[in-house]
Amino acid sequence: MPKSKEFKDLTKNKFGRLTPLSVHQRIKNKATYWLCLCDCGNETIVMYSNLTSCSTTSCGCLRKEFFTKHGHNRRGKATKVYKSWAHMTDRCNRQNSKDYHLYGGRGIKVCKTWEKFTNFINDMGEPPTKKHSLDRINNNKGYCKSNCRWATNIEQSRNRRNNHIISYGGRTQCLAAWAEELNMESSLLRYRLRNWSVKKSLTTPIARKRRKK
């Protein structure tokens with residue numbers, strides 16, 4: 001079988017707790033899988049790119065140990081708060097992350113304090129409900145205690161960078177939030193803003209059609 005373009009002898013290297021032993025499977029023009037020995041004694045099969053990028057550094061024992069140590073292992077699964085922390089650090093620090101270009105790639109960083117999970121959970125605590133997830137208050141700033149909150153999907157959708165943000169009377173919020181507060185359809189408020197000033201758009205009462213007697 002022809003060698004894969006990504007093939008390289010890894011047997012003299014070590015990646016975290018993993019020591020490559022031999023090639024397990026080589027798929028032409030695609031991926032190479034290595035049989036590895038973990039420091040804990042288990043053998044595991046890992047894709048070449050996951051080894052060399054250090055995306056996989058153990059057979060899974062490292063994560064289990066972390067969950068057990070910090071009390072965030074429920075029925076063998078990571079808790080929501082741990083997943084939030086892991087996803088945050090992944091998209092800000094790992095260039096291979098699918099979302100890196102939206103976070104680390106544009107300068108969004110995790111503060112040094114939060115590089116440790118224990119500091120993160122001490123600052124943020126558990127999310128109030130299953131519907132809450134980690135949200136940055138200012139989307140142009142990084143992850144730290146003063147700029148983060150647990151927010152619902154609605155709150156997060158109203159805090160996106162591409163939202164129409166309106167400031168009036170010392171308050172700033174997105175168009176959808178203003179429309180809800182004024183009991184007005186978003187489409188109507190959007191039409192007003194295209195043709196009127198902000199003040200007139202937000203303060204002019206809605207003309208209600210009178211019913212014919």
# chains A, B, ... in the order shown; residues from 1 in each chain; ligands from 1
$ residues_around --residues "Ser49 in chain A" --least-positions-apart "3" --cutoff "9 Å" --atoms "only C-alpha atoms" --output "list of chain:residue names"
A:Glu6, A:Ala31, A:Thr32, A:Tyr33, A:Val46, A:Thr52, A:Ser53, A:Cys54, A:Ser55
$ select_by_dssp --residues "range 122-194 of chain A" --states "strand (DSSP E or B)" --output "JSON, numbers by chain"
{"A": [133, 134, 135, 136, 143, 148, 149, 150, 151, 165, 166, 167, 168, 171, 172, 173, 174]}
$ write_last_selection --atoms "all heavy atoms" --output "short mmCIF file (atom, residue, chain, number, x, y, z; two decimals), in the first residue's frame"
data_model
loop_
_atom_site.label_atom_id
_atom_site.label_comp_id
_atom_site.auth_asym_id
_atom_site.auth_seq_id
_atom_site.Cartn_x
_atom_site.Cartn_y
_atom_site.Cartn_z
N SER A 133 -26.13 29.42 29.17
CA SER A 133 -24.79 29.10 28.69
C SER A 133 -23.90 30.33 28.85
O SER A 133 -24.38 31.44 29.10
CB SER A 133 -24.83 28.63 27.23
OG SER A 133 -25.47 29.60 26.42
N LEU A 134 -22.60 30.12 28.69
CA LEU A 134 -21.63 31.19 28.92
C LEU A 134 -21.72 32.25 27.83
O LEU A 134 -21.73 31.94 26.64
CB LEU A 134 -20.22 30.59 28.96
CG LEU A 134 -19.09 31.53 29.40
CD1 LEU A 134 -19.30 31.98 30.85
CD2 LEU A 134 -17.74 30.83 29.26
N ASP A 135 -21.75 33.52 28.24
CA ASP A 135 -21.92 34.62 27.30
C ASP A 135 -21.02 35.78 27.70
O ASP A 135 -20.88 36.09 28.89
CB ASP A 135 -23.39 35.08 27.30
CG ASP A 135 -23.64 36.22 26.32
OD1 ASP A 135 -23.15 36.13 25.18
OD2 ASP A 135 -24.33 37.18 26.70
N ARG A 136 -20.39 36.43 26.70
CA ARG A 136 -19.60 37.63 26.97
C ARG A 136 -20.49 38.86 26.84
O ARG A 136 -21.21 39.01 25.86
CB ARG A 136 -18.43 37.73 25.99
CG ARG A 136 -17.28 36.81 26.32
CD ARG A 136 -16.24 36.78 25.21
NE ARG A 136 -16.80 36.24 23.99
CZ ARG A 136 -16.77 36.86 22.82
NH1 ARG A 136 -16.20 38.04 22.70
NH2 ARG A 136 -17.30 36.31 21.75
N TYR A 143 -12.67 36.64 27.64
CA TYR A 143 -13.36 35.94 28.72
C TYR A 143 -12.69 36.24 30.06
O TYR A 143 -11.52 35.92 30.28
CB TYR A 143 -13.32 34.43 28.48
CG TYR A 143 -14.22 33.97 27.36
CD1 TYR A 143 -13.72 33.86 26.05
CD2 TYR A 143 -15.55 33.65 27.59
CE1 TYR A 143 -14.54 33.43 25.01
CE2 TYR A 143 -16.38 33.23 26.55
CZ TYR A 143 -15.86 33.12 25.28
OH TYR A 143 -16.68 32.70 24.25
N CYS A 148 -18.32 38.32 31.72
CA CYS A 148 -19.07 37.10 31.41
C CYS A 148 -20.27 36.91 32.33
O CYS A 148 -20.31 37.44 33.44
CB CYS A 148 -18.15 35.88 31.52
SG CYS A 148 -16.93 35.78 30.18
N ARG A 149 -21.22 36.17 31.84
CA ARG A 149 -22.44 35.88 32.59
C ARG A 149 -23.02 34.56 32.07
O ARG A 149 -22.64 34.08 30.99
CB ARG A 149 -23.47 36.99 32.38
CG ARG A 149 -23.88 37.13 30.91
CD ARG A 149 -24.92 38.19 30.68
NE ARG A 149 -25.26 38.29 29.25
CZ ARG A 149 -26.26 39.00 28.77
NH1 ARG A 149 -27.03 39.69 29.59
NH2 ARG A 149 -26.50 39.04 27.46
N TRP A 150 -23.94 33.98 32.83
CA TRP A 150 -24.74 32.86 32.33
C TRP A 150 -26.00 33.47 31.72
O TRP A 150 -26.73 34.20 32.39
CB TRP A 150 -25.10 31.92 33.47
CG TRP A 150 -23.94 31.19 34.06
CD1 TRP A 150 -23.46 31.32 35.33
CD2 TRP A 150 -23.10 30.21 33.42
NE1 TRP A 150 -22.37 30.49 35.52
CE2 TRP A 150 -22.14 29.80 34.37
CE3 TRP A 150 -23.08 29.66 32.14
CZ2 TRP A 150 -21.16 28.86 34.08
CZ3 TRP A 150 -22.10 28.71 31.85
CH2 TRP A 150 -21.16 28.32 32.81
N ALA A 151 -26.24 33.19 30.44
CA ALA A 151 -27.35 33.83 29.75
C ALA A 151 -28.21 32.80 29.01
O ALA A 151 -27.73 31.72 28.63
CB ALA A 151 -26.84 34.87 28.75
N ILE A 165 -27.97 47.65 17.19
CA ILE A 165 -27.92 48.19 18.54
C ILE A 165 -28.39 49.65 18.53
O ILE A 165 -27.95 50.44 17.69
CB ILE A 165 -26.51 48.09 19.13
CG1 ILE A 165 -26.03 46.63 19.12
CG2 ILE A 165 -26.48 48.65 20.55
CD1 ILE A 165 -26.90 45.68 19.90
N ILE A 166 -29.28 49.99 19.46
CA ILE A 166 -29.85 51.33 19.51
C ILE A 166 -29.63 51.92 20.91
O ILE A 166 -29.93 51.27 21.91
CB ILE A 166 -31.36 51.30 19.21
CG1 ILE A 166 -31.62 50.62 17.85
CG2 ILE A 166 -31.95 52.70 19.22
CD1 ILE A 166 -33.06 50.20 17.65
N SER A 167 -29.14 53.14 20.96
CA SER A 167 -28.94 53.84 22.23
C SER A 167 -29.89 55.03 22.30
O SER A 167 -29.99 55.83 21.36
CB SER A 167 -27.49 54.34 22.35
OG SER A 167 -26.59 53.26 22.37
N TYR A 168 -30.59 55.11 23.43
CA TYR A 168 -31.51 56.23 23.64
C TYR A 168 -31.81 56.38 25.13
O TYR A 168 -32.00 55.37 25.83
CB TYR A 168 -32.83 56.02 22.86
CG TYR A 168 -33.84 57.12 23.11
CD1 TYR A 168 -33.68 58.36 22.55
CD2 TYR A 168 -34.94 56.89 23.93
CE1 TYR A 168 -34.60 59.39 22.79
CE2 TYR A 168 -35.86 57.89 24.18
CZ TYR A 168 -35.69 59.15 23.60
OH TYR A 168 -36.59 60.16 23.85
N ARG A 171 -29.72 54.40 27.67
CA ARG A 171 -29.80 52.94 27.62
C ARG A 171 -29.43 52.44 26.24
O ARG A 171 -29.70 53.11 25.24
CB ARG A 171 -31.21 52.47 27.98
CG ARG A 171 -31.65 52.87 29.39
CD ARG A 171 -33.13 52.61 29.57
NE ARG A 171 -33.44 51.21 29.34
CZ ARG A 171 -34.60 50.79 28.84
NH1 ARG A 171 -35.54 51.65 28.49
NH2 ARG A 171 -34.82 49.50 28.69
N THR A 172 -28.83 51.25 26.20
CA THR A 172 -28.43 50.65 24.93
C THR A 172 -28.89 49.20 24.90
O THR A 172 -28.60 48.43 25.82
CB THR A 172 -26.91 50.71 24.76
OG1 THR A 172 -26.48 52.07 24.75
CG2 THR A 172 -26.50 50.05 23.44
N GLN A 173 -29.63 48.84 23.86
CA GLN A 173 -30.04 47.45 23.68
C GLN A 173 -30.36 47.22 22.21
O GLN A 173 -30.43 48.16 21.42
CB GLN A 173 -31.22 47.09 24.58
CG GLN A 173 -32.42 47.99 24.47
CD GLN A 173 -33.50 47.64 25.50
OE1 GLN A 173 -33.30 46.83 26.39
NE2 GLN A 173 -34.65 48.28 25.38
N CYS A 174 -30.57 45.96 21.85
CA CYS A 174 -30.80 45.64 20.45
C CYS A 174 -32.23 46.00 20.03
O CYS A 174 -33.11 46.23 20.87
CB CYS A 174 -30.52 44.17 20.18
SG CYS A 174 -31.70 43.05 20.93
#
$ atom_distance --atom1 "CA of Lys80 in chain A" --atom2 "CA of Arg94 in chain A"
20.4 Å
$ residues_around --residues "Thr113 in chain A" --least-positions-apart "3" --cutoff "10 Å" --atoms "only C-alpha atoms" --output "PyMOL selection string"
chain A and resi 110+116-120+123+144-145
